[in-house]
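Only one structure is covered here, and it is reproduced in the block below.
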Amino acid sequence: MSHSPLSFAQHYHERTKYSPETLAARAKSLDWAAQPSSYKQYPLGTLIDLQPYLAEITTEAVARDKQLLARLSRLLINTYGLTARVSGMGGEPFYLRAAPSAGGLYPAEIYLISRGTSLLPAGLYNYQVRSHGLMRFWDEHVWQTLQKACFWHPALEQTHLALVITAVFFRSAWRYEDRAYRRVFLDTGHLLGNLELAGALADYRPHLIGGFADESVNQLLYLDANEENAIAVVALADLLQVEQNLPSGCTALPSGVASDYPRLADGELLSYLHTATQIPETEDTNFYRQKSPPAQEKTTSDKYNFPFCLKASTLTSSISWGESLQQLEQTILRRRSTRRYSGLDLKFEDLKSLLHFAYQPKDYAEQGLDRQPDYFDLSLIETFVAVSSVVGLDEGCYYYAPQAEELRQVRFKNFRRDLHYLCLGQDLGRDAAAVLFHTADLKKAVGRYGDRAYRYLHMDAGHLGQRLNLAAMRLGLGVSGIAGFFDEQVNEVLGIPGDEAVLYITTFGQPR
Ligand SMILES: Cc1cc2nc3c(=O)[nH]c(=O)nc-3n(C[C@H](O)[C@H](O)[C@H](O)COP(=O)(O)O)c2cc1C
């Protein structure tokens, strides 16, 4: 056993950094024949077909007794449903989904747990993405087991439905190896971003439950934990049922901190990290209350202020999502990652609108969106923006201060060429007009949530990333996430403080 001052999450982060040397050494060709399927199949079960409800996108048109299914259909299609067919390897049809996914590998699965209603008897359901249906594969009452596994989280007291998001790690690790863990959680964050917004369309308020006994939830869903693991639980409060609308509970509980770990070979890091981030079962009914971090720890304040730096206000008016949020739904269903930018400018007004939608949800309450949607802990996440060509804003790297709603310049330079290199030579980095970085102080995050912080940070960064994606689509801009970058060089080149670990990149520009 080696003694290291770093927790395992920090160690994993160090070990999975890309650098010009490690990436060259790792370069290998992919065995496409070994690619796992992105679809889960059940040999036994009853399929509830949600397809008929797709045409009836307004719930009013559906007979009252079928409204629950219509709402679930809408919730699921907008969260993770198939939204486009393209030509894949060898000309085979390949389906893209409402949520983006690194490499289009779609490691996440969605399960629905019903406490029991006439249309949806108690039991376990898997969202069958391909057929847009719910596969009922277990028909016992499991709600209490779920409550116990989630340490009696208050959001599950009055609600009748919950989703569990799981990950089949190998779907992503097949290509991205150990670093896949980061991408799986970023992907899931995007999915949760859709879920938050789709909730507003289908009258559900999703309550995130990040602290649960991992093994118990895996067992509840009959998962083979060597392949698939629960990574987020979401209680769905029915906005049409007053008694279900409780105050938000605590979204994130800590795991332990693994600081005494063996020397691991490449290829062993992902599964070790997942084990290190788990929370064990407990009989202690006070666990949730005792482990919830005090609210004041989570209050957000702008972390960086630089004396005499250039500051630019980002105050702006809200993006309009149309009557009954129609434009939001259309935007979710037609969202795509831009594959090429033209290199042309963005307007500063557009950049302001992107930031405004992602970081100022309170200003969207009057359009029917949640004024304070659940994140695991946004107070741990910082945002930096490298501006290459935005009309009305000097080029350079900026810190975005969400409370003051302003950009504060860190470094003045045009980074186009550097960004190309930092994004592993991807043209998206070079041709984007602006490139946004989500970062976190890992040591501080682990101090608050143990190694499990690593999960929360990546899901929150993905969630913000999804709001940014949708805002960009609505404004007619191009957008794409990037999860492969030279970690340390990003900080050095752009002037981002050294203790900010880069989690994720979102690029914006004019699509070609
Ligand atoms: C976490 C994450 C990382 C991504 N990284 C890259 C990337 O490095 N380069 C890239 O071109 N696209 C990247 N993408 C975009 C995906 O390739 C894209 O989502 C996927 O092909 C599905 O297409 P769609 O987003 O149009 O539905 C990323 C997406 C996500 C969610």
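Each chain in the structure tokens gets a letter, A, B, ..., in the order shown, and its residues are numbered from 1; ligands are numbered from 1 in order too.
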
Using only C-alpha atoms and all ligand atoms, find each protein or nucleic acid residue lying at most 7 Å from ligand 1; present the set as a compact mmCIF listing (two decimals) with C-alpha atoms, in the first residue's frame.
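pocket.txt written:
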# COMPACT_ATOMS: atom_id res chain seq x y z
CA LEU A 96 -28.71 10.12 -32.21
CA ARG A 97 -30.50 11.10 -29.03
CA ALA A 98 -31.94 14.16 -27.32
CA ALA A 99 -28.88 14.29 -25.03
CA PRO A 100 -25.41 14.46 -26.58
CA SER A 101 -22.87 11.80 -25.70
CA ALA A 102 -19.10 11.70 -26.07
CA GLY A 103 -18.39 9.65 -29.18
CA GLY A 104 -22.12 8.87 -29.53
CA ARG A 183 -17.24 11.38 -19.96
CA LEU A 186 -20.57 14.58 -18.23
CA ASP A 187 -22.95 12.75 -20.58
CA HIS A 190 -26.42 16.63 -20.17
CA ARG A 335 -30.45 19.90 -31.01
CA ARG A 336 -27.26 18.63 -32.64
CA SER A 337 -23.58 19.08 -31.92
CA THR A 338 -21.96 21.23 -34.57
CA ARG A 339 -19.32 19.33 -36.49
CA LEU A 428 -13.73 22.89 -33.36
CA GLY A 462 -22.64 18.47 -18.05
CA SER A 480 -20.28 21.26 -29.25
CA GLY A 481 -18.89 19.78 -26.06
CA ILE A 482 -15.27 18.65 -25.87
CA ALA A 483 -14.06 16.28 -23.15
CA GLY A 484 -10.62 15.54 -24.58

>> I'd like to know which residues of region 7-86 of chain A are strand (DSSP E or B) (by DSSP, run on the backbone); could you write them as a list in words?
In response: Tyr18, Thr46, Leu47, Ile48, Asp49, Leu82, Thr83, Ala84, Arg85 and Val86 of chain A

Those residues with N, CA and C atoms, as an mmCIF file, in the first residue's frame please?
data_model
loop_
_atom_site.group_PDB
_atom_site.id
_atom_site.type_symbol
_atom_site.label_atom_id
_atom_site.label_comp_id
_atom_site.auth_asym_id
_atom_site.auth_seq_id
_atom_site.Cartn_x
_atom_site.Cartn_y
_atom_site.Cartn_z
ATOM 1 N N TYR A 18 -4.652 14.097 -20.087
ATOM 2 C CA TYR A 18 -3.994 13.965 -21.388
ATOM 3 C C TYR A 18 -2.839 14.953 -21.433
ATOM 4 N N THR A 46 -43.049 -6.825 -19.943
ATOM 5 C CA THR A 46 -44.193 -6.330 -20.716
ATOM 6 C C THR A 46 -43.863 -4.928 -21.185
ATOM 7 N N LEU A 47 -44.016 -4.695 -22.487
ATOM 8 C CA LEU A 47 -43.671 -3.379 -23.017
ATOM 9 C C LEU A 47 -44.902 -2.482 -23.058
ATOM 10 N N ILE A 48 -44.774 -1.315 -22.430
ATOM 11 C CA ILE A 48 -45.830 -0.297 -22.568
ATOM 12 C C ILE A 48 -45.363 0.635 -23.679
ATOM 13 N N ASP A 49 -46.090 0.630 -24.750
ATOM 14 C CA ASP A 49 -45.692 1.398 -25.934
ATOM 15 C C ASP A 49 -46.029 2.878 -25.725
ATOM 16 N N LEU A 82 -34.661 8.997 -29.057
ATOM 17 C CA LEU A 82 -34.012 9.084 -30.368
ATOM 18 C C LEU A 82 -34.582 10.278 -31.115
ATOM 19 N N THR A 83 -33.687 11.104 -31.655
ATOM 20 C CA THR A 83 -34.162 12.323 -32.307
ATOM 21 C C THR A 83 -33.633 12.479 -33.737
ATOM 22 N N ALA A 84 -32.722 11.609 -34.167
ATOM 23 C CA ALA A 84 -32.235 11.709 -35.554
ATOM 24 C C ALA A 84 -31.622 10.381 -35.966
ATOM 25 N N ARG A 85 -31.731 10.120 -37.260
ATOM 26 C CA ARG A 85 -31.130 8.911 -37.819
ATOM 27 C C ARG A 85 -30.047 9.368 -38.790
ATOM 28 N N VAL A 86 -28.860 8.838 -38.612
ATOM 29 C CA VAL A 86 -27.769 9.167 -39.530
ATOM 30 C C VAL A 86 -27.176 7.857 -40.038
#

> Do you know which residues are at most 8 Å from region 307-312 of chain A counting only C-alpha atoms, after dropping those on the same chain fewer than 4 positions away, and could you put them as a PyMOL selection string?
Replying inline: chain A and resi 393+406-410

Can I get the selected residues back with N, CA and C atoms, as a PDB file, in the first residue's frame?
ATOM      1  N   LEU A 393     -16.419  42.510 -27.784  1.00  0.00           N
ATOM      2  CA  LEU A 393     -15.692  42.050 -26.593  1.00  0.00           C
ATOM      3  C   LEU A 393     -14.248  41.737 -26.988  1.00  0.00           C
ATOM      4  N   GLU A 406     -20.865  39.301 -14.773  1.00  0.00           N
ATOM      5  CA  GLU A 406     -19.882  40.005 -15.598  1.00  0.00           C
ATOM      6  C   GLU A 406     -18.715  39.085 -15.934  1.00  0.00           C
ATOM      7  N   LEU A 407     -18.033  39.445 -17.016  1.00  0.00           N
ATOM      8  CA  LEU A 407     -16.824  38.738 -17.411  1.00  0.00           C
ATOM      9  C   LEU A 407     -15.632  39.558 -16.930  1.00  0.00           C
ATOM     10  N   ARG A 408     -14.663  38.888 -16.317  1.00  0.00           N
ATOM     11  CA  ARG A 408     -13.481  39.581 -15.788  1.00  0.00           C
ATOM     12  C   ARG A 408     -12.254  39.017 -16.488  1.00  0.00           C
ATOM     13  N   GLN A 409     -11.544  39.877 -17.169  1.00  0.00           N
ATOM     14  CA  GLN A 409     -10.456  39.368 -18.018  1.00  0.00           C
ATOM     15  C   GLN A 409      -9.263  38.869 -17.191  1.00  0.00           C
ATOM     16  N   VAL A 410      -8.845  37.655 -17.537  1.00  0.00           N
ATOM     17  CA  VAL A 410      -7.694  37.035 -16.873  1.00  0.00           C
ATOM     18  C   VAL A 410      -6.435  37.289 -17.703  1.00  0.00           C
TER      19      VAL A 410
END

> Neighbours of region 386-390 of chain A within 9 Å (only C-alpha atoms; same-chain residues fewer than 4 positions away dropped), as a ChimeraX atom specification?
Replying inline: /A:343-348,351,394-399,413-416,419,430-437,494,509

>> Give me the residues near Glu349 (chain A) as number ranges by chain, where near means some atom within 9 Å (using only C-alpha atoms) and where sequence neighbours in that chain fewer than 2 positions away do not count.
In response: A: 314, 316, 346-347, 351-354, 391-392

>> Nearest residue to Ser379 (chain A) out of A:Glu177, A:Glu329, A:Glu366, A:Asp302, using only C-alpha atoms?
In response: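 Looking at the shortest contact to Ser379 (chain A), the residue is A:Asp302.
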
>> Could you tell me how far CA of Asn218 (chain A) sits from CA of Arg171 (chain A), in Å to one decimal place?
In response: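 So the answer is 17.8 Å.
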
>> Would you pick out the contacts of Tyr181 (chain A) at 8 Å or less, using only C-alpha atoms, so that residues sharing its chain but fewer than 4 positions from it are not included, and give the list as a ChimeraX atom specification?
In response: /A:169,173,185,270

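The neighbours of Gly368 (chain A) here are the residues that come within 9 Å of it, using only C-alpha atoms and leaving out any residue fewer than 6 positions away in the same chain; they are A:Ala200, A:Leu201, A:Ser324, A:Leu325.
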
> Do you have the CA of Pro293 (chain A)-CA of Val233 (chain A) distance handy?
Replying inline: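 A separation of 18.5 Å between them.
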
>> One decimal, in Å: what's the spacing between CA of Asp31 (chain A) and CA of Ile110 (chain A)?
In response: 27.3 Å

>> as a ChimeraX atom specification, please: every residue in region 20-253 of chain A that DSSP puts in alpha helix (DSSP H).
In response: /A:20-26,52-55,67-80,143-149,155-158,169-176,180-202,214-220

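Take the candidates A:His274, A:Lys28, A:Arg71, A:Arg136 and check each one against Tyr12 (chain A) using only C-alpha atoms; the shortest distance goes to A:His274.
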